[in-house]
$ cat my_file_8.tsv   # TSV, C-alpha atoms
chain	number	residue	atom	x	y	z
A	1	MET	CA	13.44	21.63	6.17
A	2	PRO	CA	11.12	20.62	9.01
A	3	THR	CA	9.24	17.36	9.03
A	4	TYR	CA	5.70	17.94	7.87
A	5	PRO	CA	3.05	18.20	9.12
A	6	ILE	CA	4.41	20.70	11.64
A	7	SER	CA	2.68	21.65	14.88
A	8	PRO	CA	-0.44	23.86	14.94
A	9	PRO	CA	-0.19	27.66	14.70
A	10	PRO	CA	1.59	29.22	17.69
A	11	ALA	CA	-1.41	31.50	18.30
A	12	SER	CA	-4.95	30.23	18.78
A	13	VAL	CA	-7.22	31.16	15.93
A	14	ALA	CA	-9.92	33.79	16.32
A	15	THR	CA	-12.33	32.56	13.67
A	16	GLN	CA	-12.67	29.21	11.97
A	17	LYS	CA	-14.70	28.17	8.95
A	18	LEU	CA	-14.18	24.50	8.18
A	19	VAL	CA	-16.06	23.28	5.14
A	20	LEU	CA	-16.13	20.08	3.15
A	21	ASN	CA	-15.64	20.69	-0.56
A	22	ARG	CA	-16.64	18.04	-3.04
A	23	ARG	CA	-15.33	17.42	-6.49
A	24	GLN	CA	-18.47	16.73	-8.46
A	25	SER	CA	-19.61	17.15	-12.00
A	26	VAL	CA	-23.25	17.58	-12.76
A	27	ALA	CA	-24.88	16.76	-16.07
A	28	GLN	CA	-28.41	18.08	-16.20
A	29	SER	CA	-30.97	17.64	-18.93
A	30	SER	CA	-32.01	21.01	-20.26
A	31	PHE	CA	-35.40	19.47	-21.09
A	32	THR	CA	-36.40	17.83	-17.84
A	33	TYR	CA	-33.96	19.17	-15.20
A	34	VAL	CA	-33.16	15.57	-14.35
A	35	GLN	CA	-29.54	15.46	-13.35
A	36	SER	CA	-26.78	12.94	-12.93
A	37	THR	CA	-24.03	13.72	-10.49
A	38	VAL	CA	-20.55	12.25	-10.59
A	39	GLN	CA	-18.60	12.47	-7.37
A	40	THR	CA	-14.89	11.79	-7.35
A	41	ALA	CA	-13.37	13.25	-4.19
A	42	SER	CA	-13.90	15.38	-1.10
A	43	GLN	CA	-11.56	17.74	0.70
A	44	TRP	CA	-11.80	19.83	3.85
A	45	GLN	CA	-11.04	23.51	3.49
A	46	LEU	CA	-10.31	25.89	6.33
A	47	GLU	CA	-10.64	29.65	6.40
A	48	PHE	CA	-9.26	31.14	9.58
A	49	THR	CA	-8.07	34.36	11.15
A	50	PHE	CA	-5.79	35.14	14.02
A	51	PRO	CA	-6.77	37.72	16.62
A	52	VAL	CA	-5.04	41.06	16.38
A	53	MET	CA	-1.80	40.57	18.29
A	54	ARG	CA	1.32	42.29	19.45
A	55	ALA	CA	4.11	42.65	16.91
A	56	SER	CA	6.42	40.38	18.91
A	57	LYS	CA	3.86	37.57	18.82
A	58	ALA	CA	3.12	38.26	15.16
A	59	GLU	CA	6.76	37.71	14.27
A	60	SER	CA	6.64	34.17	15.62
A	61	VAL	CA	3.40	33.47	13.77
A	62	ALA	CA	4.88	34.86	10.55
A	63	ALA	CA	7.89	32.58	11.03
A	64	TRP	CA	5.53	29.65	11.48
A	65	ILE	CA	3.75	30.52	8.23
A	66	ASN	CA	7.02	30.83	6.35
A	67	SER	CA	8.24	27.52	7.72
A	68	LEU	CA	5.39	25.97	5.76
A	69	TYR	CA	7.38	26.65	2.60
A	70	GLY	CA	4.36	27.93	0.69
A	71	GLN	CA	2.25	25.02	-0.46
A	72	ILE	CA	4.92	22.38	0.11
A	73	GLY	CA	4.60	21.97	3.85
A	74	SER	CA	1.60	21.03	5.92
A	75	PHE	CA	0.50	21.59	9.48
A	76	LEU	CA	-1.79	19.90	11.94
A	77	TYR	CA	-4.94	21.71	12.93
A	78	TYR	CA	-7.26	20.74	15.75
A	79	PRO	CA	-10.76	21.93	14.81
A	80	ARG	CA	-12.63	23.85	17.47
A	81	GLN	CA	-15.71	22.03	18.65
A	82	SER	CA	-18.54	22.92	20.99
A	83	PHE	CA	-17.61	20.00	23.17
A	84	THR	CA	-14.44	17.95	23.35
A	85	SER	CA	-15.11	14.26	23.57
A	86	ALA	CA	-13.23	12.28	26.21
A	87	LEU	CA	-13.80	8.93	24.51
A	88	THR	CA	-10.66	6.85	24.22
A	89	GLY	CA	-9.89	3.20	23.56
A	90	ARG	CA	-12.33	2.90	20.64
A	91	ASN	CA	-11.38	0.77	17.64
A	92	LEU	CA	-12.77	-0.48	14.37
A	93	ALA	CA	-14.77	-3.67	14.95
A	94	LYS	CA	-14.55	-4.50	11.24
A	95	ALA	CA	-12.38	-3.11	8.49
A	96	GLY	CA	-13.32	0.37	7.25
A	97	TYR	CA	-13.14	0.29	3.48
A	98	ALA	CA	-11.96	2.96	1.07
A	99	TYR	CA	-14.87	4.94	-0.40
A	100	GLY	CA	-17.05	3.72	2.46
A	101	SER	CA	-18.78	6.16	4.80
A	102	ALA	CA	-19.84	3.88	7.64
A	103	ILE	CA	-17.93	1.95	10.26
A	104	ASN	CA	-18.67	-0.37	13.10
A	105	ALA	CA	-16.77	0.84	16.17
A	106	THR	CA	-16.19	-1.11	19.33
A	107	GLY	CA	-14.96	-0.43	22.84
A	108	TRP	CA	-18.20	0.55	24.61
A	109	THR	CA	-19.83	-1.36	27.39
A	110	ALA	CA	-22.74	-3.49	26.24
A	111	ASN	CA	-25.82	-1.31	25.68
A	112	GLY	CA	-23.95	1.67	27.19
A	113	ALA	CA	-24.44	5.24	26.03
A	114	SER	CA	-22.31	5.90	22.95
A	115	GLY	CA	-21.51	9.50	23.93
A	116	LEU	CA	-21.43	10.45	20.25
A	117	ARG	CA	-23.20	13.44	18.75
A	118	LEU	CA	-24.02	14.59	15.25
A	119	GLY	CA	-21.39	16.89	13.81
A	120	GLN	CA	-18.66	15.56	16.05
A	121	TYR	CA	-15.22	15.24	14.47
A	122	PHE	CA	-12.99	12.20	14.77
A	123	ASN	CA	-9.94	10.67	13.13
A	124	ILE	CA	-9.23	7.32	11.59
A	125	GLY	CA	-5.58	7.36	10.63
A	126	ASN	CA	-4.99	11.02	9.82
A	127	GLN	CA	-8.24	11.55	7.98
A	128	LEU	CA	-10.71	13.94	9.59
A	129	LEU	CA	-14.29	12.69	9.58
A	130	GLN	CA	-17.56	14.12	10.83
A	131	ILE	CA	-20.38	12.06	12.27
A	132	THR	CA	-23.61	12.26	10.30
A	133	SER	CA	-25.40	9.47	12.12
A	134	ALA	CA	-24.59	7.46	15.22
A	135	ALA	CA	-26.62	5.35	17.58
A	136	ALA	CA	-27.24	6.81	21.04
A	137	SER	CA	-26.24	3.59	22.70
A	138	ALA	CA	-24.05	0.63	21.88
A	139	ASP	CA	-25.49	-2.74	20.98
A	140	GLY	CA	-25.25	-5.87	23.09
A	141	SER	CA	-21.64	-6.46	22.09
A	142	GLY	CA	-20.48	-2.91	22.76
A	143	GLN	CA	-20.46	-1.83	19.12
A	144	VAL	CA	-21.79	1.33	17.53
A	145	LEU	CA	-22.58	1.90	13.85
A	146	ILE	CA	-21.28	5.32	12.83
A	147	GLU	CA	-21.98	7.03	9.53
A	148	PHE	CA	-19.78	9.92	8.58
A	149	GLN	CA	-18.52	12.21	5.87
A	150	PRO	CA	-16.35	12.41	3.84
A	151	GLU	CA	-15.71	8.91	2.56
A	152	LEU	CA	-12.60	7.07	3.65
A	153	ARG	CA	-9.65	7.45	1.31
A	154	GLU	CA	-8.00	4.20	2.23
A	155	THR	CA	-8.92	0.90	3.80
A	156	PHE	CA	-8.28	0.59	7.53
A	157	ALA	CA	-7.98	-2.83	9.12
A	158	ALA	CA	-10.15	-4.03	11.98
A	159	GLY	CA	-8.63	-2.93	15.27
A	160	THR	CA	-7.42	0.44	13.95
A	161	ALA	CA	-7.76	3.09	16.67
A	162	ILE	CA	-10.45	5.77	16.33
A	163	ASN	CA	-9.54	9.12	17.83
A	164	PHE	CA	-12.53	10.98	19.23
A	165	ALA	CA	-10.62	12.96	21.86
A	166	THR	CA	-8.09	14.92	19.79
A	167	PRO	CA	-9.19	14.94	16.15
A	168	SER	CA	-6.87	16.81	13.86
A	169	ILE	CA	-6.41	17.45	10.19
A	170	PRO	CA	-3.27	17.97	8.12
A	171	LEU	CA	-3.65	21.17	6.11
A	172	ARG	CA	-1.62	23.12	3.62
A	173	LEU	CA	-2.00	26.66	2.45
A	174	THR	CA	-4.05	27.08	-0.70
A	175	THR	CA	-1.73	29.64	-2.24
A	176	SER	CA	1.98	30.03	-2.61
A	177	ASP	CA	1.62	33.80	-2.37
A	178	GLY	CA	3.20	35.22	0.74
A	179	GLN	CA	1.09	35.59	3.86
A	180	GLY	CA	2.07	38.31	6.30
A	181	TYR	CA	0.68	40.75	8.81
A	182	THR	CA	-0.26	44.38	8.55
A	183	LEU	CA	1.23	46.46	11.32
A	184	THR	CA	-1.15	49.20	12.42
A	185	PRO	CA	0.05	52.62	13.66
A	186	ASP	CA	-0.49	51.47	17.23
A	187	LYS	CA	1.83	48.49	16.58
A	188	LEU	CA	-0.77	45.81	16.53
A	189	ALA	CA	-0.48	43.09	13.88
A	190	ASP	CA	-3.33	41.78	11.74
A	191	PHE	CA	-2.88	38.74	9.49
A	192	GLY	CA	-6.21	38.96	7.75
A	193	THR	CA	-7.85	35.76	6.52
A	194	LEU	CA	-5.79	32.69	5.73
A	195	GLN	CA	-6.95	29.72	3.71
A	196	ALA	CA	-5.78	26.16	3.92
A	197	ALA	CA	-6.97	22.91	2.40
A	198	GLU	CA	-6.64	19.32	3.54
A	199	ALA	CA	-3.29	17.80	2.60
A	200	VAL	CA	-4.41	14.63	0.86
B	1	MET	CA	-27.79	-5.28	-24.52
B	2	ARG	CA	-24.11	-4.78	-25.15
B	3	ASP	CA	-21.63	-7.37	-24.01
B	4	ASN	CA	-20.56	-7.00	-20.41
B	5	LEU	CA	-23.20	-4.38	-19.72
B	6	THR	CA	-24.63	-6.08	-16.69
B	7	ASN	CA	-27.55	-4.97	-14.61
B	8	THR	CA	-25.14	-4.08	-11.83
B	9	ILE	CA	-23.43	-1.56	-14.07
B	10	ILE	CA	-26.67	-0.19	-15.45
B	11	ASP	CA	-27.92	0.33	-11.89
B	12	ALA	CA	-24.68	2.06	-10.94
B	13	VAL	CA	-24.64	4.49	-13.83
B	14	SER	CA	-28.33	5.29	-13.57
B	15	GLY	CA	-28.13	6.18	-9.87
B	16	THR	CA	-28.39	9.78	-8.75
B	17	SER	CA	-24.80	9.73	-7.58
B	18	ILE	CA	-22.03	8.00	-9.46
B	19	THR	CA	-18.41	7.63	-8.43
B	20	THR	CA	-16.04	6.99	-11.28
B	21	ALA	CA	-12.34	6.76	-11.92
B	22	LEU	CA	-10.01	6.14	-14.81
B	23	CYS	CA	-7.17	3.62	-14.80
B	24	ALA	CA	-4.26	3.71	-17.19
B	25	ARG	CA	-1.69	1.05	-17.92
B	26	LEU	CA	1.27	2.48	-19.81
B	27	ASP	CA	3.68	-0.18	-21.05
B	28	PHE	CA	6.92	1.74	-21.13
B	29	ARG	CA	10.01	-0.13	-22.22
B	30	SER	CA	11.71	-0.07	-18.83
B	31	GLU	CA	8.61	-0.70	-16.72
B	32	THR	CA	4.85	-0.81	-16.79
B	33	VAL	CA	3.30	2.23	-15.17
B	34	CYS	CA	-0.14	1.73	-13.66
B	35	VAL	CA	-1.91	4.83	-12.47
B	36	TRP	CA	-5.48	5.68	-11.62
B	37	THR	CA	-7.53	8.61	-10.46
B	38	GLY	CA	-8.89	6.96	-7.31
B	39	ALA	CA	-7.75	7.79	-3.79
B	40	HIS	CA	-6.12	4.58	-2.69
B	41	THR	CA	-3.92	1.86	-4.14
B	42	ILE	CA	-6.02	-0.78	-5.85
B	43	GLN	CA	-5.31	-4.24	-7.20
B	44	PRO	CA	-8.06	-5.43	-9.51
B	45	THR	CA	-8.80	-9.14	-9.56
B	46	GLY	CA	-11.37	-11.25	-11.29
B	47	SER	CA	-12.23	-8.77	-14.05
B	48	GLY	CA	-11.14	-11.29	-16.67
B	49	ASP	CA	-8.99	-8.66	-18.38
B	50	SER	CA	-5.47	-10.04	-18.65
B	51	LEU	CA	-3.94	-6.55	-18.83
B	52	LEU	CA	-5.69	-5.49	-15.65
B	53	ASP	CA	-5.93	-8.36	-13.20
B	54	GLY	CA	-3.25	-8.63	-10.56
B	55	LEU	CA	-1.66	-5.27	-11.31
B	56	THR	CA	-1.34	-2.64	-8.63
B	57	PHE	CA	-2.63	0.78	-9.64
B	58	GLU	CA	-1.12	3.62	-7.67
B	59	PRO	CA	-2.73	7.02	-7.25
B	60	LEU	CA	0.57	8.71	-6.43
B	61	ALA	CA	3.79	6.77	-6.94
B	62	ASN	CA	4.12	7.41	-10.66
B	63	GLY	CA	2.65	10.87	-10.71
B	64	VAL	CA	-0.85	12.12	-10.07
B	65	VAL	CA	-3.18	11.85	-13.04
B	66	VAL	CA	-4.23	15.43	-13.63
B	67	ASN	CA	-6.14	15.09	-16.86
B	68	ILE	CA	-7.43	12.60	-19.39
B	69	GLY	CA	-8.57	14.02	-22.68
B	70	ASP	CA	-11.64	13.36	-24.78
B	71	ASN	CA	-12.22	9.86	-26.04
B	72	LYS	CA	-13.59	10.54	-29.52
B	73	PHE	CA	-14.53	8.01	-32.13
B	74	SER	CA	-15.88	8.47	-35.63
B	75	TYR	CA	-16.08	6.60	-38.91
B	76	VAL	CA	-12.50	7.53	-39.69
B	77	GLY	CA	-11.32	5.99	-36.47
B	78	PRO	CA	-10.65	7.34	-33.03
B	79	ASP	CA	-9.00	10.67	-32.37
B	80	GLU	CA	-5.90	10.70	-30.28
B	81	LEU	CA	-6.37	10.66	-26.53
B	82	ASN	CA	-4.19	12.47	-24.03
B	83	ILE	CA	-3.29	11.51	-20.52
B	84	THR	CA	-1.48	14.02	-18.37
B	85	LEU	CA	0.46	13.19	-15.23
B	86	ALA	CA	1.99	15.62	-12.79
B	87	VAL	CA	5.71	14.94	-12.69
B	88	PRO	CA	6.46	13.80	-9.13
B	89	ALA	CA	9.42	15.09	-7.15
B	90	ALA	CA	11.19	11.79	-7.82
B	91	PRO	CA	10.08	10.68	-11.30
B	92	SER	CA	9.88	6.96	-11.96
B	93	ILE	CA	12.48	5.27	-14.17
B	94	ALA	CA	10.06	5.11	-17.09
B	95	MET	CA	9.21	8.80	-16.83
B	96	ALA	CA	12.83	9.84	-16.68
B	97	ALA	CA	13.77	7.56	-19.58
B	98	ALA	CA	10.81	8.66	-21.71
B	99	GLU	CA	12.02	12.24	-21.45
B	100	VAL	CA	15.18	11.24	-23.29
B	101	TYR	CA	14.53	8.11	-25.37
B	102	PRO	CA	11.63	7.96	-27.84
B	103	ASN	CA	11.75	4.16	-27.95
B	104	GLU	CA	10.77	4.19	-24.28
B	105	TYR	CA	7.19	4.96	-25.32
B	106	GLN	CA	6.73	5.20	-29.09
B	107	THR	CA	4.52	2.45	-30.55
B	108	ARG	CA	4.31	0.80	-27.16
B	109	PRO	CA	0.81	-0.07	-25.93
B	110	ALA	CA	-1.30	1.85	-23.47
B	111	THR	CA	-4.72	0.92	-22.17
B	112	ILE	CA	-7.29	2.99	-20.34
B	113	TRP	CA	-10.22	1.70	-18.34
B	114	ARG	CA	-13.24	3.43	-16.95
B	115	ALA	CA	-13.98	2.27	-13.41
B	116	ILE	CA	-17.36	2.58	-11.75
B	117	LEU	CA	-17.88	2.21	-8.04
B	118	ILE	CA	-20.61	-0.25	-7.17
B	119	ARG	CA	-21.89	0.44	-3.68
B	120	PRO	CA	-23.05	-2.61	-1.77
B	121	ALA	CA	-26.36	-2.60	0.03
B	122	ASP	CA	-24.53	-3.13	3.33
B	123	PRO	CA	-22.85	0.18	4.19
B	124	LEU	CA	-20.12	-1.67	6.07
B	125	ALA	CA	-19.16	-3.89	3.13
B	126	GLU	CA	-16.32	-3.14	0.78
B	127	ALA	CA	-17.30	-1.25	-2.34
B	128	ILE	CA	-16.55	-2.94	-5.65
B	129	TRP	CA	-15.02	-1.31	-8.68
B	130	MET	CA	-16.00	-2.54	-12.11
B	131	PHE	CA	-13.70	-1.90	-15.04
B	132	ARG	CA	-14.42	-1.45	-18.72
B	133	ARG	CA	-11.81	-0.72	-21.35
B	134	VAL	CA	-12.32	2.58	-23.07
B	135	ARG	CA	-9.18	2.75	-25.19
B	136	THR	CA	-6.23	0.66	-26.21
B	137	GLY	CA	-3.64	2.22	-28.43
B	138	ALA	CA	-0.02	2.97	-29.02
B	139	MET	CA	1.76	5.73	-27.19
B	140	ASP	CA	2.68	8.28	-29.78
B	141	LYS	CA	3.67	11.76	-28.68
B	142	LEU	CA	5.10	13.00	-25.43
B	143	GLU	CA	4.99	16.56	-24.18
B	144	ILE	CA	6.74	17.62	-21.04
B	145	SER	CA	5.66	21.01	-19.91
B	146	ASN	CA	7.25	23.07	-17.20
B	147	ASP	CA	6.15	26.68	-17.30
B	148	GLY	CA	7.12	27.58	-13.75
B	149	THR	CA	3.70	26.94	-12.28
B	150	ASN	CA	2.95	23.53	-13.80
B	151	HIS	CA	5.16	20.53	-14.43
B	152	THR	CA	3.31	17.91	-16.42
B	153	PHE	CA	4.01	14.84	-18.49
B	154	SER	CA	1.47	14.49	-21.27
B	155	LEU	CA	1.22	11.39	-23.45
B	156	THR	CA	-0.84	10.96	-26.56
B	157	ILE	CA	-2.41	7.58	-27.13
B	158	GLU	CA	-3.27	6.84	-30.73
B	159	SER	CA	-5.76	4.32	-31.92
B	160	HIS	CA	-4.70	0.74	-32.21
B	161	ALA	CA	-4.28	1.17	-35.97
B	162	ALA	CA	-1.62	3.80	-35.39
B	163	SER	CA	0.91	1.18	-34.44
B	164	ILE	CA	0.71	-0.43	-37.87
B	165	SER	CA	-0.11	2.59	-40.02
B	166	GLN	CA	2.24	5.05	-41.61
B	167	ALA	CA	1.95	7.33	-38.64
B	168	SER	CA	4.56	5.34	-36.80
B	169	ASN	CA	6.17	3.68	-39.84
B	170	SER	CA	6.33	0.42	-37.96
B	171	THR	CA	7.25	-2.73	-39.86
B	172	TYR	CA	7.79	-6.29	-38.90
B	173	LEU	CA	11.44	-5.40	-38.44
B	174	ASP	CA	10.35	-3.27	-35.49
B	175	GLN	CA	9.46	-6.38	-33.57
B	176	PRO	CA	12.39	-5.95	-31.16
B	177	LYS	CA	10.86	-2.63	-30.10
B	178	PHE	CA	7.95	-4.57	-28.63
B	179	ASP	CA	9.98	-7.51	-27.42
B	180	PRO	CA	13.76	-7.04	-27.31
B	181	ASP	CA	14.33	-10.80	-27.05
B	182	ASP	CA	12.37	-11.59	-30.20
B	183	ILE	CA	14.85	-11.88	-33.08
B	184	SER	CA	12.48	-13.76	-35.35
B	185	GLN	CA	12.13	-10.91	-37.81
B	186	ARG	CA	15.86	-10.73	-38.38
B	187	TRP	CA	15.35	-13.62	-40.77
B	188	ALA	CA	13.31	-11.38	-43.05
B	189	PRO	CA	16.25	-9.97	-45.08
B	190	TYR	CA	17.76	-13.43	-45.28
B	191	ILE	CA	14.56	-14.91	-46.65
B	192	ALA	CA	14.09	-11.96	-48.97
B	193	SER	CA	17.45	-12.71	-50.55
B	194	ASN	CA	16.50	-16.34	-51.13
B	195	GLY	CA	18.91	-17.50	-48.49
B	196	LEU	CA	21.86	-16.57	-50.68
B	197	PRO	CA	25.07	-15.55	-48.95
B	198	ASP	CA	25.82	-11.91	-48.48
B	199	LYS	CA	27.33	-10.49	-51.66
B	200	ASN	CA	30.07	-8.70	-49.83
B	201	THR	CA	31.03	-11.16	-47.15
B	202	GLY	CA	29.87	-14.44	-48.62
B	203	LEU	CA	28.47	-15.39	-45.24
B	204	ASN	CA	25.03	-16.41	-44.11
B	205	TYR	CA	25.40	-14.59	-40.87
B	206	ILE	CA	22.49	-12.97	-39.12
B	207	ASP	CA	23.34	-10.69	-36.28
B	208	GLY	CA	26.87	-12.04	-36.02
B	209	ARG	CA	25.78	-15.65	-35.64
B	210	ASP	CA	25.91	-18.40	-38.22
B	211	TYR	CA	22.49	-20.03	-38.36
B	212	GLN	CA	23.42	-22.44	-41.17

$ encode --input "my_file_8.tsv" --output "structure tokens"
Amino acid sequence: MPTYPISPPPASVATQKLVLNRRQSVAQSSFTYVQSTVQTASQWQLEFTFPVMRASKAESVAAWINSLYGQIGSFLYYPRQSFTSALTGRNLAKAGYAYGSAINATGWTANGASGLRLGQYFNIGNQLLQITSAAASADGSGQVLIEFQPELRETFAAGTAINFATPSIPLRLTTSDGQGYTLTPDKLADFGTLQAAEAV
Amino acid sequence: MRDNLTNTIIDAVSGTSITTALCARLDFRSETVCVWTGAHTIQPTGSGDSLLDGLTFEPLANGVVVNIGDNKFSYVGPDELNITLAVPAAPSIAMAAAEVYPNEYQTRPATIWRAILIRPADPLAEAIWMFRRVRTGAMDKLEISNDGTNHTFSLTIESHAASISQASNSTYLDQPKFDPDDISQRWAPYIASNGLPDKNTGLNYIDGRDYQ
């Protein structure tokens, strides 16, 4: 059995829909519509398709899918973004705490442009996070306050590296049903839509 | 105001968004299993609850908590409460033993807490969990279910009274079930017979030892 998570799909994806699902229960008054919401967890979910491909290529993709062992194995996925950040050498200035959704990052020059944008993905550990608020420039000590979603699942110590350049997410298929390709009469292979969810 | 219902907790539960979790401490004979429904490993301190402080609650190591049943109380006492764990690929010693030996869990105590996340005003500060006991009882029934698509370990926690009521038929002679080193109750038959020697053997032996 391979060591999971395995490498990304051997073919680049054609379409990607990456959404953040939340586990919440809502109790709403039927008299006033006032509601109370209980949030317990969040999980990324990915819906993706491969482009139609030659049968020979499809065989290698099918082998990659089967090497996932249904829902047992996981794979790394690098989300497509409009712009790939080149920021490196950024760390946590203070500890990032479990269930927290803000960090203080360091590594910028004093008062320098942060180079961060809303919606940008990044990693702390192997958790994929998305920026919801970030200052345009660092403060006088080269630190930037970043707010993000989802919340951290574990506590990361000060000094932990933040990966803006190559954010990835470990995913596993959401079903143990087989996933294969349909071979058309002109010998092109179509995998249809595949679904995967964050391996927590 | 009820005891321990501080303003911090009232603020937390009356917010528009609440984050909660449940912690369970299951005192199996071979080990104490501490599980909770949160995401990370947690070690409560300073709650003042002797069963809780200093213990490490794991979200994964002893099986993922997949369900906790209704916590119902009425004038006739509380209904039983279920906790269901997914059996991990490598079950813990207590889980494996409980599948075979009833004395691994029967009449042994289990406690469940409700935990509420208190978010600090500073977004960079560590969030605090506050714990309140919601049930303490004796573990009673165990169901292990494996239907091909699910593999779960479901324990029933009775009310505290269950451990001394007829439901479990516990007596003082069951003391070693709670504490194997406690032989104090072995004197009970000796005292009941007025300290007279055994009719058959003529000895005052208890458990093979002469205490005279």

$ residues_around --input "my_file_8.tsv" --residues "region 177-180 of chain B" --least-positions-apart "6" --cutoff "9 Å" --atoms "only C-alpha atoms" --output "MDAnalysis selection string"
chainID B and resid 29 103:104 106:109

$ write_last_selection --input "my_file_8.tsv" --atoms "C-alpha atoms" --output "tab-separated table (two decimals), keeping the file's coordinate frame"
chain	number	residue	atom	x	y	z
B	29	ARG	CA	10.01	-0.13	-22.22
B	103	ASN	CA	11.75	4.16	-27.95
B	104	GLU	CA	10.77	4.19	-24.28
B	106	GLN	CA	6.73	5.20	-29.09
B	107	THR	CA	4.52	2.45	-30.55
B	108	ARG	CA	4.31	0.80	-27.16
B	109	PRO	CA	0.81	-0.07	-25.93

$ residues_around --input "my_file_8.tsv" --residues "Thr160 (chain A)" --least-positions-apart "6" --cutoff "9 Å" --atoms "only C-alpha atoms" --output "list in words"
Arg90, Asn91, Leu92, Ala93, Ala95, Gly96, Ile124 and Gly125 of chain A

$ atom_distance --input "my_file_8.tsv" --atom1 "CA of Thr32 (chain A)" --atom2 "CA of Leu22 (chain B)"
29.0 Å

$ residues_around --input "my_file_8.tsv" --residues "Pro176 (chain B)" --least-positions-apart "5" --cutoff "10 Å" --atoms "all atoms listed in the file" --output "JSON list (two decimals) with C-alpha atoms, keeping the file's coordinate frame"
[["chain", "number", "residue", "atom", "x", "y", "z"],
["B", 181, "ASP", "CA", 14.33, -10.80, -27.05],
["B", 182, "ASP", "CA", 12.37, -11.59, -30.20],
["B", 183, "ILE", "CA", 14.85, -11.88, -33.08],
["B", 184, "SER", "CA", 12.48, -13.76, -35.35],
["B", 185, "GLN", "CA", 12.13, -10.91, -37.81],
["B", 186, "ARG", "CA", 15.86, -10.73, -38.38]]

$ residues_around --input "my_file_8.tsv" --residues "Pro79 (chain A)" --least-positions-apart "2" --cutoff "7 Å" --atoms "only C-alpha atoms" --output "PyMOL selection string"
chain A and resi 77+81+168

$ interface_residues --input "my_file_8.tsv" --of "chain B" --to "chain A" --cutoff "6 Å" --atoms "all atoms listed in the file" --output "ChimeraX atom specification"
/B:16-19,39-40,123-124,126

$ atom_distance --input "my_file_8.tsv" --atom1 "CA of Ala127 (chain B)" --atom2 "CA of Val64 (chain B)"
22.6 Å

$ atom_distance --input "my_file_8.tsv" --atom1 "CA of Ser12 (chain A)" --atom2 "CA of Gly180 (chain A)"
16.4 Å

$ residues_around --input "my_file_8.tsv" --residues "Trp64 (chain A)" --least-positions-apart "2" --cutoff "12 Å" --atoms "all atoms listed in the file" --output "number ranges by chain"
A: 2, 5-11, 57-62, 66-70, 73-75, 179-180

$ residues_near_point --input "my_file_8.tsv" --point "(-14.7, 4.9, -33.1)" --cutoff "12 Å" --atoms "all atoms listed in the file" --output "PDB file with C-alpha atoms, keeping the file's coordinate frame"
ATOM      1  CA  ASN B  71     -12.220   9.860 -26.040  1.00  0.00           C
ATOM      2  CA  LYS B  72     -13.590  10.540 -29.520  1.00  0.00           C
ATOM      3  CA  PHE B  73     -14.530   8.010 -32.130  1.00  0.00           C
ATOM      4  CA  SER B  74     -15.880   8.470 -35.630  1.00  0.00           C
ATOM      5  CA  TYR B  75     -16.080   6.600 -38.910  1.00  0.00           C
ATOM      6  CA  VAL B  76     -12.500   7.530 -39.690  1.00  0.00           C
ATOM      7  CA  GLY B  77     -11.320   5.990 -36.470  1.00  0.00           C
ATOM      8  CA  PRO B  78     -10.650   7.340 -33.030  1.00  0.00           C
ATOM      9  CA  ASP B  79      -9.000  10.670 -32.370  1.00  0.00           C
ATOM     10  CA  GLU B  80      -5.900  10.700 -30.280  1.00  0.00           C
ATOM     11  CA  VAL B 134     -12.320   2.580 -23.070  1.00  0.00           C
ATOM     12  CA  ARG B 135      -9.180   2.750 -25.190  1.00  0.00           C
ATOM     13  CA  THR B 136      -6.230   0.660 -26.210  1.00  0.00           C
ATOM     14  CA  GLU B 158      -3.270   6.840 -30.730  1.00  0.00           C
ATOM     15  CA  SER B 159      -5.760   4.320 -31.920  1.00  0.00           C
ATOM     16  CA  HIS B 160      -4.700   0.740 -32.210  1.00  0.00           C
ATOM     17  CA  ALA B 161      -4.280   1.170 -35.970  1.00  0.00           C
TER      18      ALA B 161
END

$ closest_residue --input "my_file_8.tsv" --among "B:Ser47, B:Ser14, B:Thr32, B:Asn7" --to "Trp113 (chain B)" --atoms "all atoms listed in the file"
B:Ser47

$ axis_aligned_box --input "my_file_8.tsv" --around "region 21-33 of chain A" --padding-each-side "5 Å" --output "JSON"
{"center_x": -25.9, "center_y": 18.9, "center_z": -10.8, "size_x": 31.1, "size_y": 14.3, "size_z": 30.5}

$ closest_residue --input "my_file_8.tsv" --among "B:Cys23, B:Ala12, B:Ile83, B:Leu51" --to "Asp70 (chain B)" --atoms "all atoms listed in the file"
B:Ile83

$ residues_near_point --input "my_file_8.tsv" --point "(-20.0, -4.2, -3.8)" --cutoff "10 Å" --atoms "only C-alpha atoms" --output "ChimeraX atom specification"
/B:8,117-123,125-130

$ closest_residue --input "my_file_8.tsv" --among "A:Ser29, A:Ser82, A:Thr15, A:Thr175" --to "Val52 (chain A)" --atoms "all atoms listed in the file"
A:Thr15
